[in-house]
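Dumped query-v6.json below, it's JSON, C-alpha atoms:
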[["chain", "number", "residue", "atom", "x", "y", "z"],
["A", 90, "GLU", "CA", -44.09, -37.99, -13.99],
["A", 91, "SER", "CA", -44.26, -41.78, -14.37],
["A", 92, "GLN", "CA", -45.59, -41.34, -17.89],
["A", 93, "ARG", "CA", -42.59, -39.18, -18.73],
["A", 94, "LYS", "CA", -40.22, -41.83, -17.40],
["A", 95, "LEU", "CA", -41.92, -44.40, -19.60],
["A", 96, "GLU", "CA", -41.47, -42.15, -22.67],
["A", 97, "ILE", "CA", -37.78, -41.66, -21.90],
["A", 98, "GLU", "CA", -37.29, -45.42, -21.44],
["A", 99, "LYS", "CA", -39.10, -46.09, -24.70],
["A", 100, "MET", "CA", -36.87, -43.60, -26.54],
["A", 101, "THR", "CA", -33.69, -45.18, -25.16],
["A", 102, "ASN", "CA", -34.79, -48.64, -26.28],
["A", 103, "GLN", "CA", -35.48, -47.48, -29.83],
["A", 104, "PRO", "CA", -32.61, -47.64, -32.33],
["A", 105, "ALA", "CA", -30.73, -44.36, -32.81],
["A", 106, "PRO", "CA", -31.31, -42.38, -36.01],
["A", 107, "PRO", "CA", -28.74, -43.10, -38.74],
["A", 108, "ALA", "CA", -27.14, -39.64, -38.54],
["A", 109, "VAL", "CA", -26.45, -40.01, -34.82],
["A", 110, "GLU", "CA", -24.96, -43.47, -35.34],
["A", 111, "TYR", "CA", -22.77, -42.16, -38.19],
["A", 112, "PHE", "CA", -21.32, -39.24, -36.24],
["A", 113, "THR", "CA", -20.86, -41.31, -33.11],
["A", 114, "ARG", "CA", -18.89, -43.90, -35.11],
["A", 115, "LYS", "CA", -16.78, -41.09, -36.72],
["A", 116, "ALA", "CA", -15.96, -39.60, -33.29],
["A", 117, "GLU", "CA", -14.93, -43.01, -31.92],
["A", 118, "GLU", "CA", -12.68, -43.63, -34.97],
["A", 119, "GLU", "CA", -11.03, -40.19, -34.55],
["A", 120, "LYS", "CA", -10.49, -40.82, -30.85],
["A", 121, "ARG", "CA", -8.93, -44.21, -31.60],
["A", 122, "ARG", "CA", -6.66, -42.67, -34.27],
["A", 123, "VAL", "CA", -5.44, -39.96, -31.88],
["A", 124, "GLU", "CA", -4.72, -42.55, -29.16],
["A", 125, "GLU", "CA", -2.78, -44.75, -31.59],
["A", 126, "ALA", "CA", -0.71, -41.78, -32.81],
["A", 127, "ALA", "CA", 0.09, -40.83, -29.19],
["A", 128, "LYS", "CA", 1.16, -44.43, -28.43],
["A", 129, "LYS", "CA", 3.42, -44.46, -31.51],
["A", 130, "ARG", "CA", 5.07, -41.21, -30.43],
["A", 131, "GLU", "CA", 5.63, -42.60, -26.94],
["A", 132, "VAL", "CA", 7.20, -45.74, -28.37],
["A", 133, "GLN", "CA", 9.41, -43.78, -30.76],
["A", 134, "GLY", "CA", 10.19, -41.09, -28.13],
["A", 135, "VAL", "CA", 9.25, -38.25, -30.51],
["A", 136, "ALA", "CA", 7.03, -35.45, -29.24],
["A", 137, "CYS", "CA", 4.64, -33.54, -31.47],
["A", 138, "VAL", "CA", 5.80, -30.28, -33.06],
["A", 139, "ALA", "CA", 3.91, -28.08, -30.60],
["A", 140, "THR", "CA", 5.39, -29.89, -27.60],
["A", 141, "GLN", "CA", 8.87, -29.59, -29.09],
["A", 142, "HIS", "CA", 8.32, -25.86, -29.66],
["A", 143, "PHE", "CA", 7.22, -25.20, -26.06],
["A", 144, "GLU", "CA", 10.01, -27.32, -24.61],
["A", 145, "LYS", "CA", 12.53, -25.37, -26.69],
["A", 146, "GLN", "CA", 11.03, -22.07, -25.48],
["A", 147, "LYS", "CA", 11.17, -23.28, -21.88],
["A", 148, "SER", "CA", 14.85, -24.27, -22.17],
["A", 149, "MET", "CA", 15.68, -20.89, -23.80],
["A", 150, "LYS", "CA", 13.98, -19.04, -20.93],
["A", 151, "ILE", "CA", 15.94, -21.08, -18.39],
["A", 152, "GLN", "CA", 19.21, -20.29, -20.20],
["A", 153, "GLN", "CA", 18.36, -16.59, -20.35],
["A", 154, "SER", "CA", 17.50, -16.44, -16.65],
["A", 155, "GLU", "CA", 20.74, -18.26, -15.77],
["A", 156, "ALA", "CA", 22.71, -15.80, -17.92],
["A", 157, "LYS", "CA", 20.99, -12.86, -16.17],
["A", 158, "LYS", "CA", 21.77, -14.37, -12.75],
["A", 159, "ALA", "CA", 25.42, -14.81, -13.69],
["A", 160, "GLU", "CA", 25.56, -11.23, -15.00],
["A", 161, "ILE", "CA", 24.07, -9.91, -11.75],
["A", 162, "LYS", "CA", 26.51, -11.96, -9.65],
["A", 163, "ASN", "CA", 29.47, -10.60, -11.62],
["A", 164, "LYS", "CA", 28.34, -6.98, -11.18],
["A", 165, "PRO", "CA", 30.18, -5.08, -8.45],
["A", 166, "ARG", "CA", 28.04, -4.51, -5.37],
["A", 167, "GLN", "CA", 26.76, -0.97, -5.10],
["A", 168, "GLU", "CA", 27.52, 0.80, -1.84],
["A", 169, "PRO", "CA", 24.35, 1.86, -0.01],
["A", 170, "LEU", "CA", 23.74, 5.58, 0.10],
["A", 171, "PRO", "CA", 22.36, 7.46, 3.11],
["A", 172, "VAL", "CA", 18.65, 8.26, 3.00],
["A", 173, "ASP", "CA", 19.24, 11.99, 2.71],
["A", 174, "TYR", "CA", 21.87, 11.71, -0.07],
["A", 175, "PHE", "CA", 19.73, 13.30, -2.80],
["A", 176, "THR", "CA", 18.43, 15.95, -0.39],
["A", 177, "ARG", "CA", 21.98, 16.98, 0.44],
["A", 178, "LEU", "CA", 22.89, 16.87, -3.25],
["A", 179, "GLY", "CA", 19.99, 19.21, -4.04],
["A", 180, "GLU", "CA", 20.92, 21.55, -1.19],
["A", 181, "GLN", "CA", 24.50, 21.61, -2.45],
["A", 182, "ARG", "CA", 23.31, 22.53, -5.95],
["A", 183, "VAL", "CA", 21.09, 25.29, -4.59],
["A", 184, "ALA", "CA", 23.97, 26.62, -2.48],
["A", 185, "GLU", "CA", 26.32, 26.62, -5.50],
["A", 186, "LYS", "CA", 23.73, 28.41, -7.61],
["A", 187, "ALA", "CA", 23.13, 31.00, -4.86],
["A", 188, "LYS", "CA", 26.88, 31.48, -4.48],
["A", 189, "SER", "CA", 27.35, 32.09, -8.20],
["A", 190, "SER", "CA", 24.37, 34.48, -8.24],
["A", 191, "ARG", "CA", 25.79, 36.28, -5.23],
["A", 192, "ALA", "CA", 29.22, 36.55, -6.88],
["A", 193, "LEU", "CA", 27.61, 37.94, -10.03],
["A", 194, "ALA", "CA", 25.61, 40.47, -8.01],
["A", 195, "ASP", "CA", 28.73, 41.45, -6.02],
["A", 196, "SER", "CA", 30.70, 42.05, -9.20],
["A", 197, "CYS", "CA", 28.09, 44.54, -10.43],
["A", 198, "MET", "CA", 27.48, 46.21, -7.04],
["A", 199, "PRO", "CA", 28.93, 49.68, -6.31],
["A", 200, "ASP", "CA", 31.47, 49.84, -3.44],
["A", 201, "ALA", "CA", 29.24, 51.91, -1.13],
["A", 202, "VAL", "CA", 26.30, 49.49, -1.50],
["A", 203, "ARG", "CA", 28.61, 46.54, -0.91],
["A", 204, "HIS", "CA", 30.03, 48.17, 2.27],
["A", 205, "PHE", "CA", 26.62, 48.91, 3.82],
["A", 206, "THR", "CA", 25.21, 45.53, 2.80],
["A", 207, "GLN", "CA", 28.12, 43.84, 4.53],
["A", 208, "LEU", "CA", 27.57, 45.96, 7.66],
["A", 209, "ALA", "CA", 23.87, 45.06, 7.70],
["A", 210, "GLU", "CA", 24.62, 41.34, 7.38],
["A", 211, "GLU", "CA", 27.16, 41.47, 10.20],
["A", 212, "GLU", "CA", 24.70, 43.34, 12.44],
["A", 213, "LYS", "CA", 21.96, 40.84, 11.63],
["A", 214, "ALA", "CA", 24.27, 37.90, 12.42],
["A", 215, "GLN", "CA", 25.30, 39.51, 15.71],
["A", 216, "LYS", "CA", 21.69, 40.12, 16.78],
["A", 217, "LEU", "CA", 20.78, 36.52, 15.92],
["A", 218, "ALA", "CA", 23.75, 35.19, 17.89],
["A", 219, "ASP", "CA", 22.83, 37.38, 20.89],
["A", 220, "PHE", "CA", 19.23, 36.19, 20.73],
["A", 221, "HIS", "CA", 20.25, 32.51, 20.75],
["A", 222, "ALA", "CA", 23.05, 32.97, 23.29],
["A", 223, "LYS", "CA", 20.86, 34.25, 26.11],
["A", 224, "PRO", "CA", 17.24, 33.30, 26.68],
["A", 225, "HIS", "CA", 14.81, 35.95, 25.68],
["A", 226, "GLU", "CA", 13.49, 37.92, 28.67],
["A", 227, "SER", "CA", 9.86, 37.51, 27.62],
["A", 228, "MET", "CA", 10.18, 33.72, 27.32],
["A", 229, "SER", "CA", 8.59, 31.67, 30.09],
["A", 230, "VAL", "CA", 10.61, 29.05, 31.94],
["A", 231, "ALA", "CA", 8.63, 26.24, 30.29],
["A", 232, "THR", "CA", 9.28, 27.65, 26.78],
["A", 233, "GLN", "CA", 12.98, 27.99, 27.55],
["A", 234, "TYR", "CA", 13.05, 24.38, 28.80],
["A", 235, "PHE", "CA", 11.28, 22.93, 25.75],
["A", 236, "ASN", "CA", 13.38, 25.00, 23.31],
["A", 237, "LYS", "CA", 16.54, 23.73, 25.00],
["A", 238, "ARG", "CA", 15.23, 20.16, 24.93],
["A", 239, "ALA", "CA", 14.29, 20.41, 21.22],
["A", 240, "ALA", "CA", 17.76, 21.76, 20.38],
["A", 241, "GLU", "CA", 19.40, 18.88, 22.30],
["A", 242, "GLU", "CA", 17.22, 16.28, 20.53],
["A", 243, "LYS", "CA", 18.05, 17.80, 17.15],
["A", 244, "ALA", "CA", 21.77, 17.75, 17.93],
["A", 245, "GLU", "CA", 21.51, 14.12, 19.10],
["A", 246, "ARG", "CA", 19.71, 13.09, 15.89],
["A", 247, "GLU", "CA", 22.37, 14.79, 13.77],
["A", 248, "ARG", "CA", 25.13, 13.07, 15.76],
["A", 249, "SER", "CA", 23.50, 9.65, 15.37],
["A", 250, "MET", "CA", 22.93, 10.22, 11.63],
["A", 251, "ARG", "CA", 26.62, 11.07, 11.19],
["A", 252, "ALA", "CA", 27.68, 8.05, 13.24],
["A", 253, "ASP", "CA", 25.34, 5.49, 11.63],
["A", 254, "PRO", "CA", 23.44, 6.91, 8.65],
["A", 255, "GLU", "CA", 20.26, 5.13, 7.63],
["A", 256, "SER", "CA", 20.69, 3.42, 4.26],
["A", 257, "MET", "CA", 18.44, 3.99, 1.30],
["A", 258, "PRO", "CA", 16.51, 0.92, 0.03],
["A", 259, "ALA", "CA", 18.30, -0.69, -2.92],
["A", 260, "ALA", "CA", 15.46, -0.29, -5.44],
["A", 261, "ILE", "CA", 14.98, 3.40, -4.64],
["A", 262, "GLN", "CA", 18.73, 3.94, -4.83],
["A", 263, "TYR", "CA", 19.00, 2.15, -8.19],
["A", 264, "PHE", "CA", 16.22, 4.10, -9.92],
["A", 265, "SER", "CA", 17.16, 7.41, -8.27],
["A", 266, "LEU", "CA", 20.75, 7.05, -9.46],
["A", 267, "GLN", "CA", 19.53, 6.30, -12.98],
["A", 268, "ALA", "CA", 17.28, 9.38, -12.94],
["A", 269, "GLU", "CA", 20.14, 11.48, -11.56],
["A", 270, "GLU", "CA", 22.45, 10.26, -14.34],
["A", 271, "GLU", "CA", 19.84, 11.10, -17.01],
["A", 272, "ARG", "CA", 19.37, 14.56, -15.48],
["A", 273, "ARG", "CA", 23.14, 15.15, -15.47],
["A", 274, "LYS", "CA", 23.44, 14.09, -19.14],
["A", 275, "LYS", "CA", 20.59, 16.41, -20.18],
["A", 276, "LYS", "CA", 22.20, 19.26, -18.29],
["A", 277, "GLU", "CA", 25.53, 18.60, -20.03],
["A", 278, "GLN", "CA", 23.80, 18.58, -23.42],
["A", 279, "LEU", "CA", 22.10, 21.90, -22.63],
["A", 280, "GLU", "CA", 25.43, 23.40, -21.55],
["A", 281, "MET", "CA", 27.01, 22.22, -24.80],
["A", 282, "LEU", "CA", 24.17, 23.80, -26.79],
["A", 283, "LYS", "CA", 24.53, 27.04, -24.83],
["A", 284, "ASN", "CA", 28.26, 27.20, -25.51],
["A", 285, "ASN", "CA", 28.07, 25.96, -29.09],
["A", 286, "PRO", "CA", 24.61, 26.64, -30.62],
["A", 287, "HIS", "CA", 25.51, 25.37, -34.10]]
As C-alpha coordinates, how would this structure be written, given the file I've shared?
Amino acid sequence: ESQRKLEIEKMTNQPAPPAVEYFTRKAEEEKRRVEEAAKKREVQGVACVATQHFEKQKSMKIQQSEAKKAEIKNKPRQEPLPVDYFTRLGEQRVAEKAKSSRALADSCMPDAVRHFTQLAEEEKAQKLADFHAKPHESMSVATQYFNKRAAEEKAERERSMRADPESMPAAIQYFSLQAEEERRKKKEQLEMLKNNPH
(Lines of atoms letter the chains of each structure in order from A and count residues from 1; the text may use other names and numbers.)
(Lines give C-alpha, C1' and ligand atoms only; values in the text may rest on other atoms or scores of the structure.)
Protein backbone atom coordinates (compact mmCIF):
# COMPACT_ATOMS: atom_id res chain seq x y z
CA GLU A 1 0.00 0.00 0.00
CA SER A 2 2.85 2.40 0.79
CA GLN A 3 4.39 1.63 -2.59
CA ARG A 4 1.14 2.56 -4.27
CA LYS A 5 1.04 5.88 -2.41
CA LEU A 6 4.57 6.59 -3.60
CA GLU A 7 3.55 5.90 -7.22
CA ILE A 8 0.54 8.22 -6.93
CA GLU A 9 2.71 10.97 -5.41
CA LYS A 10 5.28 10.51 -8.17
CA MET A 11 2.57 10.82 -10.84
CA THR A 12 1.18 14.01 -9.31
CA ASN A 13 4.63 15.61 -9.25
CA GLN A 14 5.25 14.85 -12.92
CA PRO A 15 4.16 17.44 -15.49
CA ALA A 16 0.75 16.77 -17.07
CA PRO A 17 0.64 15.50 -20.66
CA PRO A 18 0.18 18.27 -23.25
CA ALA A 19 -3.33 17.17 -24.22
CA VAL A 20 -4.56 17.40 -20.63
CA GLU A 21 -2.99 20.85 -20.21
CA TYR A 22 -4.57 22.02 -23.49
CA PHE A 23 -8.11 20.92 -22.62
CA THR A 24 -7.82 22.17 -19.07
CA ARG A 25 -6.78 25.61 -20.35
CA LYS A 26 -9.69 25.57 -22.89
CA ALA A 27 -12.21 24.72 -20.15
CA GLU A 28 -10.91 27.52 -17.91
CA GLU A 29 -11.13 30.03 -20.80
CA GLU A 30 -14.73 28.95 -21.57
CA LYS A 31 -15.67 29.25 -17.91
CA ARG A 32 -14.13 32.73 -17.73
CA ARG A 33 -15.97 33.79 -20.92
CA VAL A 34 -19.33 32.59 -19.55
CA GLU A 35 -18.75 34.43 -16.25
CA GLU A 36 -17.83 37.65 -18.06
CA ALA A 37 -20.94 37.43 -20.28
CA ALA A 38 -23.13 36.90 -17.18
CA LYS A 39 -21.54 39.93 -15.47
CA LYS A 40 -22.17 42.07 -18.58
CA ARG A 41 -25.82 41.03 -18.65
CA GLU A 42 -26.19 41.85 -14.96
CA VAL A 43 -24.65 45.27 -15.51
CA GLN A 44 -26.82 45.98 -18.55
CA GLY A 45 -29.93 44.43 -16.91
CA VAL A 46 -30.64 42.21 -19.95
CA ALA A 47 -31.46 38.55 -19.40
CA CYS A 48 -30.59 35.85 -21.90
CA VAL A 49 -33.19 34.81 -24.47
CA ALA A 50 -34.15 31.61 -22.64
CA THR A 51 -34.69 33.47 -19.37
CA GLN A 52 -36.80 36.09 -21.16
CA HIS A 53 -38.88 33.32 -22.77
CA PHE A 54 -39.60 31.56 -19.46
CA GLU A 55 -40.37 34.81 -17.67
CA LYS A 56 -42.82 35.71 -20.43
CA GLN A 57 -44.46 32.27 -20.14
CA LYS A 58 -44.70 32.65 -16.37
CA SER A 59 -46.38 36.07 -16.65
CA MET A 60 -48.82 34.72 -19.27
CA LYS A 61 -49.78 31.84 -16.96
CA ILE A 62 -50.36 34.27 -14.10
CA GLN A 63 -52.57 36.45 -16.32
CA GLN A 64 -54.55 33.42 -17.50
CA SER A 65 -55.10 32.16 -13.95
CA GLU A 66 -56.22 35.63 -12.84
CA ALA A 67 -58.66 35.80 -15.77
CA LYS A 68 -60.04 32.36 -14.85
CA LYS A 69 -60.45 33.43 -11.21
CA ALA A 70 -62.30 36.58 -12.27
CA GLU A 71 -64.53 34.53 -14.59
CA ILE A 72 -65.35 32.10 -11.78
CA LYS A 73 -66.12 34.95 -9.36
CA ASN A 74 -68.49 36.54 -11.88
CA LYS A 75 -70.38 33.28 -12.46
CA PRO A 76 -73.67 33.02 -10.57
CA ARG A 77 -73.49 30.62 -7.65
CA GLN A 78 -75.19 27.32 -8.34
CA GLU A 79 -77.83 26.27 -5.83
CA PRO A 80 -76.96 22.96 -4.15
CA LEU A 81 -79.19 20.06 -5.11
CA PRO A 82 -80.40 17.38 -2.70
CA VAL A 83 -78.47 14.11 -2.74
CA ASP A 84 -81.38 12.16 -4.18
CA TYR A 85 -82.16 14.69 -6.95
CA PHE A 86 -81.10 12.45 -9.84
CA THR A 87 -82.75 9.41 -8.24
CA ARG A 88 -86.05 11.27 -8.05
CA LEU A 89 -85.56 12.53 -11.60
CA GLY A 90 -85.04 8.96 -12.81
CA GLU A 91 -88.08 7.72 -10.87
CA GLN A 92 -90.14 10.52 -12.38
CA ARG A 93 -89.03 9.53 -15.89
CA VAL A 94 -89.86 5.89 -15.24
CA ALA A 95 -93.28 6.87 -13.87
CA GLU A 96 -94.00 9.04 -16.93
CA LYS A 97 -92.95 6.24 -19.26
CA ALA A 98 -95.11 3.72 -17.37
CA LYS A 99 -98.03 6.14 -17.45
CA SER A 100 -97.75 6.62 -21.21
CA SER A 101 -97.43 2.85 -21.72
CA ARG A 102 -100.46 2.30 -19.51
CA ALA A 103 -102.46 4.92 -21.44
CA LEU A 104 -101.49 3.26 -24.72
CA ALA A 105 -102.48 -0.17 -23.39
CA ASP A 106 -105.78 1.23 -22.04
CA SER A 107 -106.63 2.76 -25.41
CA CYS A 108 -106.29 -0.64 -27.11
CA MET A 109 -107.99 -2.66 -24.34
CA PRO A 110 -111.57 -3.95 -24.79
CA ASP A 111 -114.15 -2.57 -22.32
CA ALA A 112 -114.75 -5.91 -20.56
CA VAL A 113 -111.01 -6.46 -19.95
CA ARG A 114 -110.66 -2.90 -18.70
CA HIS A 115 -113.61 -3.36 -16.28
CA PHE A 116 -112.28 -6.60 -14.75
CA THR A 117 -108.71 -5.30 -14.60
CA GLN A 118 -109.95 -2.28 -12.68
CA LEU A 119 -111.92 -4.51 -10.29
CA ALA A 120 -108.85 -6.69 -9.68
CA GLU A 121 -106.67 -3.65 -8.94
CA GLU A 122 -109.22 -2.25 -6.51
CA GLU A 123 -109.51 -5.62 -4.73
CA LYS A 124 -105.73 -5.91 -4.53
CA ALA A 125 -105.43 -2.38 -3.09
CA GLN A 126 -108.14 -3.13 -0.53
CA LYS A 127 -106.46 -6.37 0.60
CA LEU A 128 -103.12 -4.58 0.94
CA ALA A 129 -104.70 -1.77 2.96
CA ASP A 130 -106.44 -4.31 5.24
CA PHE A 131 -103.19 -6.19 5.73
CA HIS A 132 -101.31 -3.04 6.76
CA ALA A 133 -104.18 -1.61 8.82
CA LYS A 134 -104.39 -4.48 11.30
CA PRO A 135 -101.49 -6.64 12.42
CA HIS A 136 -101.45 -10.03 10.87
CA GLU A 137 -102.77 -12.72 13.23
CA SER A 138 -99.79 -15.01 12.65
CA MET A 139 -97.27 -12.25 13.47
CA SER A 140 -95.56 -12.49 16.85
CA VAL A 141 -95.58 -9.54 19.22
CA ALA A 142 -91.86 -8.95 18.65
CA THR A 143 -92.31 -8.89 14.84
CA GLN A 144 -95.20 -6.46 15.17
CA TYR A 145 -93.09 -4.22 17.44
CA PHE A 146 -90.07 -4.17 15.10
CA ASN A 147 -92.22 -3.61 11.99
CA LYS A 148 -93.90 -0.67 13.73
CA ARG A 149 -90.52 0.69 14.84
CA ALA A 150 -89.06 0.36 11.31
CA ALA A 151 -92.07 2.18 9.82
CA GLU A 152 -91.68 5.00 12.38
CA GLU A 153 -87.93 5.33 11.65
CA LYS A 154 -88.61 5.43 7.92
CA ALA A 155 -91.26 8.13 8.37
CA GLU A 156 -88.88 10.14 10.59
CA ARG A 157 -86.09 9.92 7.99
CA GLU A 158 -88.45 11.10 5.25
CA ARG A 159 -89.63 13.99 7.43
CA SER A 160 -86.06 15.06 8.21
CA MET A 161 -85.05 14.80 4.54
CA ARG A 162 -87.97 17.05 3.57
CA ALA A 163 -87.13 19.53 6.33
CA ASP A 164 -83.36 19.68 5.76
CA PRO A 165 -82.26 17.76 2.65
CA GLU A 166 -78.63 16.69 2.47
CA SER A 167 -76.80 18.62 -0.26
CA MET A 168 -74.89 16.99 -3.07
CA PRO A 169 -71.12 17.74 -3.19
CA ALA A 170 -70.38 20.53 -5.66
CA ALA A 171 -68.08 18.51 -7.95
CA ILE A 172 -70.55 15.64 -8.26
CA GLN A 173 -73.36 18.10 -8.90
CA TYR A 174 -71.37 19.94 -11.58
CA PHE A 175 -70.41 16.85 -13.59
CA SER A 176 -73.79 15.15 -13.08
CA LEU A 177 -75.60 18.23 -14.39
CA GLN A 178 -73.30 18.31 -17.42
CA ALA A 179 -73.96 14.62 -18.12
CA GLU A 180 -77.69 15.18 -17.67
CA GLU A 181 -77.62 18.09 -20.13
CA GLU A 182 -75.74 15.98 -22.71
CA ARG A 183 -78.25 13.15 -22.25
CA ARG A 184 -81.16 15.57 -22.72
CA LYS A 185 -79.62 17.00 -25.92
CA LYS A 186 -79.05 13.52 -27.37
CA LYS A 187 -82.63 12.59 -26.55
CA GLU A 188 -83.90 15.75 -28.28
CA GLN A 189 -81.80 14.95 -31.36
CA LEU A 190 -83.20 11.41 -31.47
CA GLU A 191 -86.75 12.75 -31.15
CA MET A 192 -86.08 15.16 -34.02
CA LEU A 193 -84.75 12.30 -36.15
CA LYS A 194 -87.79 10.18 -35.29
CA ASN A 195 -90.18 12.94 -36.28
CA ASN A 196 -88.21 14.12 -39.31
CA PRO A 197 -85.97 11.31 -40.68
CA HIS A 198 -84.72 13.31 -43.69
message: Between atom CA of Ser148 of chain A and atom CA of Lys164 of chain A, what is the distance in Å, rounded to a tenth?
response: 24.5 Å
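Between atom CA of Asp173 of chain A and atom CA of Leu266 of chain A lies a distance of 13.2 Å.
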Gap from atom CA of Val172 of chain A to atom CA of Arg246 of chain A - Å, one decimal: 13.8 Å
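The nearest approach to Tyr174 of chain A among the residues A:Pro286, A:Ser189, A:Glu211, A:Gln262, with all atoms listed in the file taken into account, belongs to A:Gln262.
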- line: Across A:Glu212, A:Arg166, A:Ser249, A:His221, the smallest distance to Asn236 of chain A, with only C-alpha atoms counted, is shown by A:His221
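Considering the residues A:Thr113, A:Gln153, A:Gln167, A:Ser91 and counting all atoms listed in the file, Ala260 of chain A has its shortest atom-to-atom contact with A:Gln167.
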query: Quick one: residues within 7 Å of segment 256-259 of chain A, only C-alpha atoms counted, chain neighbours fewer than 2 positions away excluded, as a list in words?
result: Pro169, Leu170, Pro171, Val172, Pro254, Ile261, Gln262 and Tyr263 of chain A
